[in-house]
Amino acid sequence: MLGLACGYFICYIPFAALTKALSSGLLPGADEGVGGLVLLPAAALGVLLGVPIFLVLSGWWRYIGLRRLVGWTTRFPSGTMIVAGCFMALIIGTTILNYTFAGVSILFMLLLMRAGTLGLAPFIDTIRRNEIRRYSWAALGFSLLAIIVALGAVDAFALTVGALLSLGAYFAGYIGRFEIMSRVAKTGDEHIDRRYFAEEQISAAVALFALCALFALIGVGPEMQALRDGFTSFAVTPEAALAVAIGLFYAALYVFGTLIYLDAREYTWAVPVNRASSVLAVLAASYALTWLFGIDPPATEVLVATGFVLLAVAALSYPQLRHVIWRRESATTARRLVLFVCGGNRGRSPIAAALARSELAAWDSDAAQGVSATSAGVSVQRPGAPMTPEAVAALQKLGVRPRLHGAQPLTRELCERSAAIYCMTEEQRQAVISIAPAVAERTFRLDPGADLPEPDHGLPEAWHHFALRVRDLVRQRLADLPVPQYAARAV
């Protein structure tokens with residue numbers, strides 16, 4: 001996590017500084033600044049170029065799901081992830097715009113964005129029914145104080161209606177993104193989280209560029225005309241290359257920032273890691289602009305507000321700081337993966353994993369924090385294939401919302417990092433042991449007394465009865481996990 005935070009910090013400094021310098025006309029040879037909407041298309045192009053570069057170099061393009069489109073099987077984001085990408089495109093676009101408003105310092109705008117998202121973290125956790133601790137409410141109070149203090153300097157800034165609308169759109173993007181991310185990712189399962197990352201990233205890059213192009217084609221009003229100028233007259237200027245660089249820097253920081261958010265812990269843990277890195281980065285960028293171009297340093301009120309934001313970050317980080325200071329972390333607090341195994345990983349084991357996650361959500365948060373659940377198959381024919389409709393319907397009938405699923409083959413590495421492995425049949429148990437002999441002592445049938453064959457497809461009631469039976473078995477297995485602190489559920 002420290003490496004991700006450092007990477008985010010390093011990428012954010014040139015992104016923020018270059019955006020403000022270009023939009024304010026601070027660069028050598030610039031007669032005037034470039035409007036945010038004018039530079040946005042080129043920045044969107046930079047994001048569109050940077051995203052596939054990372055996916056190809058990292059090999060993560062393979063995590064994009066396989067789907068049938070016009071008779072062809074190809075890698076393509078799901079509908080849910082396209083929506084998530086649209087929310088992310090809104091965040092990218094408004095973040096860039098927020099640093100381009102004339103008369104408003106980048107640190108001031110960042111404080112409003114960061115204090116707002118710090119406040120959103122407990123809000124999202126409440127929606128997701130995660131317990132909100134006292135330190136989370138304390139962080140919310142510090143965030144509100146930061147906003148109040150920062151607004152004390154508003155007379156010195158031109159906080160326009162456009163800036164307020166951009167901030168509102170930014171927060172809306174995060175609410176939508178966190179809601180989807182909570183449902184389909186943050187599982188502790190590397191395969192699922194990387195799929196979310198890859199599908200959201202490519203969807204966001206395409207959506208941002210496509211929306212800029214669409215509004216530019218419409219060209220009604222000064223805002224859309226500015227976007228059109230970004231695609232035409234501005235595109236042939238030397239400054240356009242700098243705007244593309246802004247997008248490339250954002251594509252890079254997006255990698256680190258999203259991987260922080262995808263950590264399986266609650267948002268009131270992940271958000272401060274991300275926010276602290278960006279606050280410190282923009283503080284450094286602000287003074288770099290002062291040193292390079294002689295502009296005014298951040299106002300005193302903004303610096304005080306920065307302190308309140310960092311106090312909010314510290315409050316949200318309290319559990320981790322406590323463990324570090326008193327050295328109370330031990331091997332028993334490490335995340336423990338519970339793996340469910342069937343054949344094709346499209347029906348039985350995904351049902352079991354989804355039910356396990358639902359049960360863990362009902363546990364005391366301290367007890368459940370160290371456990372995650374996932375699934376795999378010993379005979380997966382279509383890696384990335386979604387859950388069967390019968391399995392989805394069976395979960396929904398039990399009140400469980402299935403997360404985004406893609407069938408994944410069982411691997412030795414996945415077996416060896418699992419604390420317990422539960423198979424649907426004895427044959428599958430033997431298959432697991434043959435793949436990873438070292439896990440034999442922690443590999444079991446989910447039902448110790450009998451195999452759990454796959455219900456007949458086309459018989460919804462059979463799948464419903466299967467899910468009911470598996471729910472009871474999963475509850476028993478979770479209660480018997482070989483870690484005492486995980487056996488206590490909240491009453």
# chains A, B, ... in the order shown; residues from 1 in each chain; ligands from 1
$ residues_around --residues "Leu49 of chain A" --least-positions-apart "2" --cutoff "10 Å" --atoms "only C-alpha atoms" --output "PyMOL selection string"
chain A and resi 43-47+51-54+205-206+244+247-248+251
$ residues_around --residues "Glu461 of chain A" --least-positions-apart "4" --cutoff "9 Å" --atoms "only C-alpha atoms" --output "list in words"
Ala394, His465 and Phe466 of chain A
$ atom_distance --atom1 "atom CA of Met109 of chain A" --atom2 "atom CA of Arg177 of chain A"
20.6 Å
$ closest_residue --among "A:Met181, A:Ile175, A:Ile96, A:Leu227" --to "Lys20 of chain A" --atoms "only C-alpha atoms"
A:Ile96
$ residues_around --residues "segment 443-456 of chain A" --least-positions-apart "6" --cutoff "6 Å" --atoms "only C-alpha atoms" --output "NGL selection string"
:A and (421-425 or 462-463)
$ write_last_selection --atoms "N, CA, C and O atoms" --output "short mmCIF file (atom, residue, chain, number, x, y, z; two decimals), in the first residue's frame"
data_model
loop_
_atom_site.label_atom_id
_atom_site.label_comp_id
_atom_site.auth_asym_id
_atom_site.auth_seq_id
_atom_site.Cartn_x
_atom_site.Cartn_y
_atom_site.Cartn_z
N ILE A 421 -10.37 -24.57 1.66
CA ILE A 421 -10.90 -24.83 0.32
C ILE A 421 -12.06 -25.81 0.45
O ILE A 421 -11.90 -26.89 1.02
N TYR A 422 -13.22 -25.42 -0.08
CA TYR A 422 -14.42 -26.26 0.01
C TYR A 422 -14.90 -26.60 -1.39
O TYR A 422 -15.20 -25.72 -2.21
N CYS A 423 -14.95 -27.89 -1.67
CA CYS A 423 -15.32 -28.39 -3.00
C CYS A 423 -16.74 -28.93 -2.98
O CYS A 423 -17.25 -29.35 -1.93
N MET A 424 -17.35 -28.97 -4.13
CA MET A 424 -18.72 -29.48 -4.24
C MET A 424 -18.76 -31.01 -4.25
O MET A 424 -19.75 -31.61 -3.83
N THR A 425 -17.70 -31.65 -4.74
CA THR A 425 -17.68 -33.12 -4.82
C THR A 425 -16.33 -33.65 -4.36
O THR A 425 -15.33 -32.92 -4.33
N ALA A 462 -35.02 -26.02 -8.36
CA ALA A 462 -33.89 -26.88 -7.98
C ALA A 462 -32.69 -26.03 -7.55
O ALA A 462 -32.00 -26.34 -6.58
N TRP A 463 -32.45 -24.92 -8.27
CA TRP A 463 -31.35 -24.04 -7.91
C TRP A 463 -31.64 -23.30 -6.61
O TRP A 463 -30.73 -23.06 -5.81
#
